[in-house]
>>> print(open('upload_3.cif').read())   # mmCIF, N, CA and C atoms
data_target
#
loop_
_atom_site.label_atom_id
_atom_site.label_comp_id
_atom_site.auth_asym_id
_atom_site.auth_seq_id
_atom_site.Cartn_x
_atom_site.Cartn_y
_atom_site.Cartn_z
N MET I 159 15.01 -1.65 10.15
CA MET I 159 15.23 -1.17 8.80
C MET I 159 14.81 0.29 8.73
N LYS I 160 15.55 1.08 7.99
CA LYS I 160 15.22 2.49 7.81
C LYS I 160 14.69 2.72 6.40
N ARG I 161 13.98 3.82 6.26
CA ARG I 161 13.37 4.17 4.97
C ARG I 161 14.43 4.23 3.86
N THR I 162 15.63 4.70 4.19
CA THR I 162 16.68 4.82 3.18
C THR I 162 17.09 3.46 2.61
N GLU I 163 16.87 2.39 3.36
CA GLU I 163 17.16 1.04 2.87
C GLU I 163 16.12 0.58 1.86
N LEU I 164 14.94 1.19 1.88
CA LEU I 164 13.89 0.86 0.93
C LEU I 164 14.05 1.64 -0.38
N ASP I 165 14.77 2.75 -0.34
CA ASP I 165 14.91 3.61 -1.51
C ASP I 165 15.47 2.91 -2.75
N PRO I 166 16.51 2.05 -2.64
CA PRO I 166 17.00 1.38 -3.86
C PRO I 166 15.94 0.50 -4.52
N LEU I 167 15.12 -0.16 -3.69
CA LEU I 167 14.04 -0.99 -4.24
C LEU I 167 13.01 -0.12 -4.95
N ILE I 168 12.64 0.99 -4.32
CA ILE I 168 11.69 1.91 -4.94
C ILE I 168 12.23 2.42 -6.27
N PHE I 169 13.51 2.77 -6.29
CA PHE I 169 14.14 3.25 -7.52
C PHE I 169 14.06 2.19 -8.63
N ARG I 170 14.39 0.94 -8.29
CA ARG I 170 14.32 -0.15 -9.29
C ARG I 170 12.89 -0.35 -9.78
N TRP I 171 11.93 -0.30 -8.86
CA TRP I 171 10.54 -0.50 -9.24
C TRP I 171 10.02 0.64 -10.10
N LYS I 172 10.53 1.85 -9.87
CA LYS I 172 10.15 2.99 -10.72
C LYS I 172 10.69 2.79 -12.14
N LYS I 173 11.93 2.32 -12.25
CA LYS I 173 12.50 2.06 -13.56
C LYS I 173 11.72 0.96 -14.27
N THR I 174 11.34 -0.07 -13.54
CA THR I 174 10.53 -1.16 -14.10
C THR I 174 9.18 -0.64 -14.57
N THR I 175 8.59 0.27 -13.79
CA THR I 175 7.30 0.85 -14.15
C THR I 175 7.36 1.56 -15.49
N ARG I 176 8.45 2.28 -15.74
CA ARG I 176 8.58 2.98 -17.02
C ARG I 176 8.67 2.02 -18.20
N ALA I 177 9.09 0.79 -17.94
CA ALA I 177 9.21 -0.20 -19.01
C ALA I 177 7.89 -0.96 -19.25
N LEU I 178 6.91 -0.75 -18.37
CA LEU I 178 5.62 -1.43 -18.54
C LEU I 178 4.85 -0.83 -19.71
N LYS I 179 3.83 -1.56 -20.14
CA LYS I 179 2.92 -1.02 -21.16
C LYS I 179 2.25 0.22 -20.58
N ILE I 180 1.91 1.14 -21.43
CA ILE I 180 1.40 2.45 -21.01
C ILE I 180 0.18 2.33 -20.10
N HIS I 181 -0.70 1.36 -20.36
CA HIS I 181 -1.90 1.22 -19.53
C HIS I 181 -1.60 0.56 -18.18
N GLU I 182 -0.41 -0.02 -18.00
CA GLU I 182 -0.03 -0.63 -16.72
C GLU I 182 0.79 0.33 -15.85
N GLN I 183 1.33 1.38 -16.44
CA GLN I 183 2.20 2.29 -15.71
C GLN I 183 1.53 2.97 -14.51
N PRO I 184 0.27 3.38 -14.58
CA PRO I 184 -0.34 3.98 -13.38
C PRO I 184 -0.35 3.04 -12.18
N TYR I 185 -0.48 1.75 -12.44
CA TYR I 185 -0.49 0.78 -11.34
C TYR I 185 0.90 0.68 -10.71
N GLY I 186 1.93 0.69 -11.54
CA GLY I 186 3.29 0.68 -11.03
C GLY I 186 3.59 1.92 -10.21
N ARG I 187 3.12 3.08 -10.68
CA ARG I 187 3.31 4.32 -9.93
C ARG I 187 2.56 4.27 -8.61
N TYR I 188 1.38 3.68 -8.61
CA TYR I 188 0.59 3.55 -7.38
C TYR I 188 1.37 2.75 -6.34
N ILE I 189 1.98 1.66 -6.77
CA ILE I 189 2.75 0.81 -5.85
C ILE I 189 3.95 1.57 -5.29
N THR I 190 4.68 2.26 -6.14
CA THR I 190 5.86 2.99 -5.63
C THR I 190 5.43 4.16 -4.75
N ASP I 191 4.28 4.76 -5.04
CA ASP I 191 3.76 5.83 -4.17
C ASP I 191 3.45 5.29 -2.77
N ILE I 192 2.88 4.09 -2.71
CA ILE I 192 2.59 3.46 -1.42
C ILE I 192 3.88 3.34 -0.61
N LEU I 193 4.93 2.88 -1.26
CA LEU I 193 6.20 2.64 -0.56
C LEU I 193 6.87 3.94 -0.14
N GLU I 194 6.73 4.98 -0.94
CA GLU I 194 7.35 6.26 -0.61
C GLU I 194 6.71 6.92 0.62
N GLN I 195 5.52 6.51 0.96
CA GLN I 195 4.82 7.10 2.11
C GLN I 195 5.20 6.43 3.43
N ARG I 196 5.92 5.33 3.40
CA ARG I 196 6.29 4.60 4.62
C ARG I 196 7.34 5.36 5.41
N THR I 197 7.29 5.24 6.72
CA THR I 197 8.22 5.94 7.60
C THR I 197 9.17 4.94 8.27
N ASP I 198 10.21 5.47 8.87
CA ASP I 198 11.16 4.61 9.60
C ASP I 198 10.45 3.82 10.69
N ALA I 199 9.51 4.45 11.38
CA ALA I 199 8.79 3.77 12.46
C ALA I 199 8.00 2.57 11.93
N GLU I 200 7.39 2.72 10.76
CA GLU I 200 6.61 1.63 10.17
C GLU I 200 7.51 0.49 9.69
N LEU I 201 8.71 0.82 9.29
CA LEU I 201 9.64 -0.17 8.74
C LEU I 201 10.51 -0.83 9.80
N ALA I 202 10.44 -0.36 11.03
CA ALA I 202 11.36 -0.80 12.08
C ALA I 202 11.35 -2.31 12.32
N ARG I 203 10.27 -2.97 12.11
CA ARG I 203 10.18 -4.41 12.39
C ARG I 203 10.66 -5.28 11.23
N PHE I 204 11.07 -4.68 10.15
CA PHE I 204 11.51 -5.42 8.98
C PHE I 204 13.02 -5.35 8.83
N SER I 205 13.61 -6.42 8.32
CA SER I 205 15.04 -6.39 8.00
C SER I 205 15.24 -6.55 6.49
N ASP I 206 14.21 -7.00 5.79
CA ASP I 206 14.28 -7.24 4.35
C ASP I 206 13.41 -6.22 3.61
N PRO I 207 14.00 -5.41 2.74
CA PRO I 207 13.21 -4.40 2.03
C PRO I 207 12.10 -5.00 1.16
N VAL I 208 12.35 -6.15 0.57
CA VAL I 208 11.32 -6.76 -0.29
C VAL I 208 10.14 -7.23 0.56
N GLU I 209 10.42 -7.79 1.73
CA GLU I 209 9.35 -8.20 2.63
C GLU I 209 8.53 -6.99 3.07
N ALA I 210 9.19 -5.91 3.41
CA ALA I 210 8.49 -4.69 3.81
C ALA I 210 7.64 -4.15 2.66
N ALA I 211 8.19 -4.14 1.46
CA ALA I 211 7.45 -3.64 0.30
C ALA I 211 6.22 -4.49 0.05
N ALA I 212 6.38 -5.81 0.10
CA ALA I 212 5.24 -6.70 -0.12
C ALA I 212 4.17 -6.47 0.93
N PHE I 213 4.56 -6.38 2.19
CA PHE I 213 3.60 -6.19 3.26
C PHE I 213 2.79 -4.91 3.07
N PHE I 214 3.47 -3.79 2.83
CA PHE I 214 2.75 -2.52 2.75
C PHE I 214 1.92 -2.39 1.47
N CYS I 215 2.36 -3.01 0.39
CA CYS I 215 1.55 -3.02 -0.84
C CYS I 215 0.29 -3.86 -0.63
N LEU I 216 0.45 -5.03 -0.02
CA LEU I 216 -0.71 -5.88 0.25
C LEU I 216 -1.66 -5.22 1.25
N LEU I 217 -1.12 -4.54 2.23
CA LEU I 217 -1.96 -3.83 3.19
C LEU I 217 -2.81 -2.76 2.50
N ALA I 218 -2.19 -1.97 1.63
CA ALA I 218 -2.92 -0.92 0.92
C ALA I 218 -3.99 -1.51 0.01
N LEU I 219 -3.66 -2.59 -0.68
CA LEU I 219 -4.64 -3.21 -1.57
C LEU I 219 -5.78 -3.84 -0.78
N SER I 220 -5.47 -4.43 0.37
CA SER I 220 -6.52 -5.01 1.21
C SER I 220 -7.49 -3.95 1.69
N LYS I 221 -6.98 -2.78 2.03
CA LYS I 221 -7.85 -1.68 2.47
C LYS I 221 -8.79 -1.25 1.36
N GLU I 222 -8.36 -1.37 0.13
CA GLU I 222 -9.23 -1.01 -1.00
C GLU I 222 -10.28 -2.08 -1.25
N VAL I 223 -9.89 -3.34 -1.11
CA VAL I 223 -10.82 -4.44 -1.35
C VAL I 223 -11.89 -4.49 -0.27
N TRP I 224 -11.48 -4.26 0.99
CA TRP I 224 -12.41 -4.30 2.12
C TRP I 224 -12.42 -2.96 2.84
N PRO I 225 -12.97 -1.91 2.23
CA PRO I 225 -12.94 -0.59 2.87
C PRO I 225 -13.73 -0.54 4.18
N GLU I 226 -14.66 -1.45 4.37
CA GLU I 226 -15.48 -1.47 5.58
C GLU I 226 -14.90 -2.41 6.63
N GLY I 227 -13.73 -2.96 6.39
CA GLY I 227 -13.13 -3.92 7.31
C GLY I 227 -13.27 -5.32 6.75
N LEU I 228 -12.53 -6.24 7.32
CA LEU I 228 -12.58 -7.62 6.85
C LEU I 228 -13.94 -8.24 7.10
N PRO I 229 -14.43 -9.09 6.16
CA PRO I 229 -15.72 -9.75 6.37
C PRO I 229 -15.71 -10.56 7.66
N GLY I 230 -16.80 -10.44 8.44
CA GLY I 230 -16.93 -11.19 9.67
C GLY I 230 -16.13 -10.63 10.83
N ARG I 231 -15.51 -9.48 10.68
CA ARG I 231 -14.70 -8.88 11.74
C ARG I 231 -15.35 -7.56 12.18
N GLN I 232 -15.03 -7.16 13.37
CA GLN I 232 -15.51 -5.87 13.88
C GLN I 232 -14.84 -4.76 13.08
N PRO I 233 -15.54 -3.65 12.82
CA PRO I 233 -14.92 -2.53 12.12
C PRO I 233 -13.75 -1.96 12.93
N VAL I 234 -12.81 -1.42 12.22
CA VAL I 234 -11.66 -0.77 12.86
C VAL I 234 -12.14 0.53 13.47
N PRO I 235 -11.76 0.81 14.74
CA PRO I 235 -12.19 2.08 15.36
C PRO I 235 -11.78 3.28 14.50
N GLY I 236 -12.71 4.19 14.32
CA GLY I 236 -12.43 5.39 13.54
C GLY I 236 -12.66 5.21 12.04
N GLN I 237 -12.94 3.98 11.61
CA GLN I 237 -13.16 3.73 10.20
C GLN I 237 -14.65 3.88 9.90
N SER I 238 -14.98 4.41 8.75
CA SER I 238 -16.36 4.60 8.35
C SER I 238 -17.09 3.27 8.29
N THR I 239 -18.36 3.28 8.73
CA THR I 239 -19.16 2.06 8.65
C THR I 239 -20.26 2.18 7.60
N LEU I 240 -20.25 3.29 6.86
CA LEU I 240 -21.24 3.46 5.81
C LEU I 240 -20.94 2.54 4.64
N VAL I 241 -21.97 1.91 4.09
CA VAL I 241 -21.83 1.09 2.92
C VAL I 241 -22.07 1.97 1.70
N SER I 242 -21.27 1.80 0.68
CA SER I 242 -21.39 2.61 -0.53
C SER I 242 -22.83 2.58 -1.04
N GLY I 243 -23.37 3.75 -1.28
CA GLY I 243 -24.73 3.86 -1.81
C GLY I 243 -25.80 3.85 -0.74
N GLN I 244 -25.43 3.71 0.52
CA GLN I 244 -26.40 3.70 1.59
C GLN I 244 -26.04 4.76 2.61
N GLY I 245 -26.93 4.99 3.52
CA GLY I 245 -26.62 5.92 4.61
C GLY I 245 -27.12 7.31 4.32
N MET I 246 -26.22 8.26 4.22
CA MET I 246 -26.58 9.66 4.07
C MET I 246 -27.22 9.92 2.72
N THR I 247 -28.29 10.71 2.72
CA THR I 247 -28.98 11.05 1.47
C THR I 247 -28.94 12.53 1.23
#
>>> encode(input="upload_3.cif", output="structure tokens")
Amino acid sequence: MKRTELDPLIFRWKKTTRALKIHEQPYGRYITDILEQRTDAELARFSDPVEAAAFFCLLALSKEVWPEGLPGRQPVPGQSTLVSGQGMT
């Protein structure tokens, strides 16, 4: 799948975002921003644009929920291991 195949979905989701309540619109923009950053190389393993969109949105949200890595797993190489509020003073 190429990035251009994801563009119609992004366009529809942007239109849907404008129809959301004003306090929900930033979240819709955040999701479409996530998708606009994807490259052809990242999308190569997908054939369905909706599946690709779901995967990359969930990936971005997971990184926010677990910024230090998944519980019980080794940290990702190159990822910060500092816990918020601890470490450097």
>>> atom_distance(input="upload_3.cif", atom1="CA of Leu201 in chain I", atom2="CA of Gln183 in chain I")
25.7 Å
>>> closest_residue(input="upload_3.cif", among="I:Arg187, I:Arg161, I:Phe214, I:Ser220", to="Ala202 in chain I", atoms="only N, CA and C atoms")
I:Arg161
>>> closest_residue(input="upload_3.cif", among="I:Pro184, I:Ala177, I:Met159, I:Arg231", to="Ala199 in chain I", atoms="only C-alpha atoms")
I:Met159
>>> atom_distance(input="upload_3.cif", atom1="CA of Leu217 in chain I", atom2="CA of Glu194 in chain I")
14.2 Å
>>> closest_residue(input="upload_3.cif", among="I:Asp198, I:Ile180, I:Ile168, I:Arg203", to="Cys215 in chain I", atoms="only C-alpha atoms")
I:Ile168
>>> residues_around(input="upload_3.cif", residues="Leu193 in chain I", least_positions_apart="4", cutoff="12 Å", atoms="only C-alpha atoms", output="number ranges by chain")
I: 161-169, 171-172, 186-189, 197-198, 200-201, 207-218
>>> select_by_dssp(input="upload_3.cif", residues="range 160-247 of chain I", states="alpha helix (DSSP H)", output="ChimeraX atom specification")
/I:161-177,183-194,198-201,207-223
>>> atom_distance(input="upload_3.cif", atom1="atom N of Gly227 in chain I", atom2="CA of Ile192 in chain I")
19.2 Å
